[in-house]
Amino acid sequence: MSMTIPRAPVAPGDEQVVLRRISWGTYEKLNDELGEGRNPRMIYCDGELTIMVTSRRHDWYAERLGQMIVALASALRIPWEDAGQATFRRKDMNAGLEGDKTYYLAEHAKLMKGPRDIDLDVQPPPDLAIEVEVSHSADSALTAWGRLGVPEVWRFDPVEEQVGFCLRCEDETYTVSQRSVAFPLLTTEDVLNQMRLADKLGASDWYDQLGDWIRSVILPRLKGDS
């Protein structure tokens with residue numbers, strides 16, 4: 001089953017600028033000068049450059065989703081390596097960006113073990129990326145991720161309270177599913193309910209209950225108990 005997630009509004013206090021007819025060389029120079037792990041972030045595809053500054057609310061949800069992914073991978077004994085907001089770009093694909101959160105899983109996690117710099121000419125793209133839509137639509141990011149070959153993107157809109165597991169198709173577009181490929185036991189409703197709970201409890205108390213929730217709700221599904 002697939003669904004369409006509408007374009008998210010820009011949240012108060014967040015900013016983004018879209019520039020067109022920008023050469024790859026100009027993007028690369030700007031990208032290198034700013035460096036990784038910073039605000040603002042960039043998304044580049046076919047000469048269109050989006051520059052954005054994200055809010056605490058945006059980054060707060062990205063952090064909760066990231067903690068959820070790490071907790072799930074650890075509980076399911078799936079090797080993982082986080083790549084944070086590293087820059088992923090390829091000139092031959094005419095695309096580049098920094099995600100909200102990015103992860104290598106399973107065999108790719110073993111390959112990318114440790115604090116390695118990213119070079120997509122010789123390394124794989126991340127297995128999973130997170131895009132939170134408080135401050136900007138993820139449409140342009142998904143176009144870039146599709147070009148770069150990322151198999152799954154989690155798209156979360158806390159304004160509309162919508163979650164989609166975006167699965168890459170052969171034509172480099174994404175189909176939005178209610179089931180994750182990286183974590184098949186997980187549903188979009190699971191993620192949405194946990195984000196609602198995080199909003200209610202706050203980060204610390206929510207994280208304290210996360211392990212118990214995984215053990216009591218997610219892991220029993222391995223045996224078909226729920």
# chains A, B, ... in the order shown; residues from 1 in each chain; ligands from 1

call {"tool": "closest_atom_pairs", "arguments": {"of": "region 89-123 of chain A", "to": "region 43-58 of chain A", "cutoff": "6 Å", "atoms": "only C-alpha atoms", "output": "CSV"}}
result
residue,atom,partner,partner_atom,distance
A:Asn94,CA,A:Asp46,CA,5.7
A:Ala95,CA,A:Cys45,CA,4.4
A:Gly96,CA,A:Tyr44,CA,5.1
A:Leu97,CA,A:Ile43,CA,4.4

call {"tool": "write_last_selection", "arguments": {"atoms": "N, CA and C atoms", "output": "tab-separated table (two decimals), in the first residue's frame"}}
result
chain	number	residue	atom	x	y	z
A	94	ASN	N	24.99	14.54	-10.91
A	94	ASN	CA	24.57	15.93	-10.80
A	94	ASN	C	23.68	16.14	-9.57
A	95	ALA	N	24.07	15.51	-8.46
A	95	ALA	CA	23.26	15.59	-7.24
A	95	ALA	C	24.16	15.50	-6.01
A	96	GLY	N	23.74	16.20	-4.96
A	96	GLY	CA	24.45	16.13	-3.69
A	96	GLY	C	23.61	16.74	-2.58
A	97	LEU	N	23.83	16.27	-1.36
A	97	LEU	CA	23.06	16.80	-0.21
A	97	LEU	C	23.63	16.28	1.10

call {"tool": "closest_atom_pairs", "arguments": {"of": "region 94-157 of chain A", "to": "region 186-193 of chain A", "cutoff": "10 Å", "atoms": "only C-alpha atoms", "output": "Markdown table"}}
result
| residue | atom | partner | partner_atom | distance |
| --- | --- | --- | --- | --- |
| A:Trp154 | CA | A:Thr188 | CA | 9.4 |
| A:Phe156 | CA | A:Leu192 | CA | 8.4 |
| A:Asp157 | CA | A:Leu192 | CA | 9.6 |

call {"tool": "write_last_selection", "arguments": {"atoms": "C-alpha atoms", "output": "mmCIF file, in the first residue's frame"}}
result
data_model
loop_
_atom_site.group_PDB
_atom_site.id
_atom_site.type_symbol
_atom_site.label_atom_id
_atom_site.label_comp_id
_atom_site.auth_asym_id
_atom_site.auth_seq_id
_atom_site.Cartn_x
_atom_site.Cartn_y
_atom_site.Cartn_z
ATOM 1 C CA TRP A 154 12.066 7.839 6.199
ATOM 2 C CA PHE A 156 8.353 12.417 8.713
ATOM 3 C CA ASP A 157 5.985 15.377 8.834
#

call {"tool": "residues_around", "arguments": {"residues": "Gly84 (chain A)", "least_positions_apart": "5", "cutoff": "10 Å", "atoms": "only C-alpha atoms", "output": "VMD selection string"}}
result
chain A and resid 36 to 37 63 66 98 to 103 129 to 130

call {"tool": "residues_around", "arguments": {"residues": "Met68 (chain A)", "least_positions_apart": "6", "cutoff": "9 Å", "atoms": "only C-alpha atoms", "output": "PyMOL selection string"}}
result
chain A and resi 191+194+207+210

call {"tool": "write_last_selection", "arguments": {"atoms": "N, CA and C atoms", "output": "mmCIF file, in the first residue's frame"}}
result
data_model
loop_
_atom_site.group_PDB
_atom_site.id
_atom_site.type_symbol
_atom_site.label_atom_id
_atom_site.label_comp_id
_atom_site.auth_asym_id
_atom_site.auth_seq_id
_atom_site.Cartn_x
_atom_site.Cartn_y
_atom_site.Cartn_z
ATOM 1 N N VAL A 191 6.179 4.134 14.275
ATOM 2 C CA VAL A 191 7.025 5.325 14.308
ATOM 3 C C VAL A 191 6.216 6.548 14.730
ATOM 4 N N GLN A 194 5.446 6.512 18.425
ATOM 5 C CA GLN A 194 6.613 6.818 19.239
ATOM 6 C C GLN A 194 6.972 8.301 19.176
ATOM 7 N N TYR A 207 13.145 8.305 25.794
ATOM 8 C CA TYR A 207 14.247 7.388 25.517
ATOM 9 C C TYR A 207 14.326 6.290 26.574
ATOM 10 N N LEU A 210 12.100 3.451 25.561
ATOM 11 C CA LEU A 210 12.240 2.936 24.199
ATOM 12 C C LEU A 210 12.658 1.467 24.168
#

call {"tool": "select_by_dssp", "arguments": {"residues": "region 16-170 of chain A", "states": "strand (DSSP E or B)", "output": "CSV table (one decimal) with C-alpha atoms, in the first residue's frame"}}
result
chain,number,residue,atom,x,y,z
A,16,GLN,CA,15.4,28.3,3.1
A,17,VAL,CA,16.5,29.8,-0.2
A,18,VAL,CA,16.3,28.1,-3.7
A,19,LEU,CA,18.9,29.2,-6.3
A,41,ARG,CA,22.5,22.6,4.8
A,42,MET,CA,22.4,22.2,1.0
A,43,ILE,CA,20.5,20.1,-1.5
A,44,TYR,CA,21.7,20.2,-5.1
A,45,CYS,CA,20.1,18.6,-8.2
A,48,GLU,CA,19.0,23.9,-8.4
A,49,LEU,CA,20.5,24.6,-5.1
A,50,THR,CA,18.4,24.7,-1.9
A,51,ILE,CA,20.1,26.3,1.1
A,52,MET,CA,18.3,25.8,4.4
A,53,VAL,CA,18.7,26.7,8.1
A,80,TRP,CA,25.0,-0.1,12.1
A,81,GLU,CA,27.2,2.9,11.5
A,82,ASP,CA,25.8,6.5,11.5
A,87,THR,CA,27.8,15.3,2.5
A,88,PHE,CA,26.9,12.8,-0.2
A,89,ARG,CA,27.5,13.9,-3.7
A,90,ARG,CA,28.4,12.6,-7.2
A,95,ALA,CA,23.3,15.6,-7.2
A,96,GLY,CA,24.4,16.1,-3.7
A,97,LEU,CA,23.1,16.8,-0.2
A,98,GLU,CA,23.3,16.4,3.5
A,101,LYS,CA,20.4,11.6,9.6
A,102,THR,CA,22.0,8.8,7.6
A,103,TYR,CA,22.9,5.2,8.4
A,104,TYR,CA,24.8,2.3,7.0
A,105,LEU,CA,23.3,-1.1,8.0
A,128,LEU,CA,18.8,4.6,5.2
A,129,ALA,CA,18.3,8.4,5.4
A,130,ILE,CA,15.9,10.5,7.5
A,131,GLU,CA,14.1,13.6,6.2
A,132,VAL,CA,12.0,15.6,8.6
A,152,GLU,CA,15.1,3.8,1.8
A,153,VAL,CA,14.3,7.2,3.2
A,154,TRP,CA,12.1,7.8,6.2
A,155,ARG,CA,10.0,10.9,5.6
A,156,PHE,CA,8.4,12.4,8.7
A,157,ASP,CA,6.0,15.4,8.8
A,162,GLN,CA,2.5,11.6,8.7
A,163,VAL,CA,5.2,9.0,8.3
A,164,GLY,CA,6.3,7.3,5.1
A,165,PHE,CA,8.9,4.6,4.4
A,166,CYS,CA,10.1,5.7,0.9
A,167,LEU,CA,11.4,2.8,-1.0
A,168,ARG,CA,13.6,3.4,-4.1

call {"tool": "closest_residue", "arguments": {"among": "A:Gly35, A:Lys200, A:Leu185, A:Ser177", "to": "Val217 (chain A)", "atoms": "only C-alpha atoms"}}
result
A:Leu185

call {"tool": "closest_residue", "arguments": {"among": "A:Leu142, A:Asp205, A:Tyr174, A:Glu133", "to": "Tyr61 (chain A)", "atoms": "only C-alpha atoms"}}
result
A:Glu133

call {"tool": "atom_distance", "arguments": {"atom1": "CA of Pro125 (chain A)", "atom2": "CA of Tyr27 (chain A)"}}
result
19.7 Å
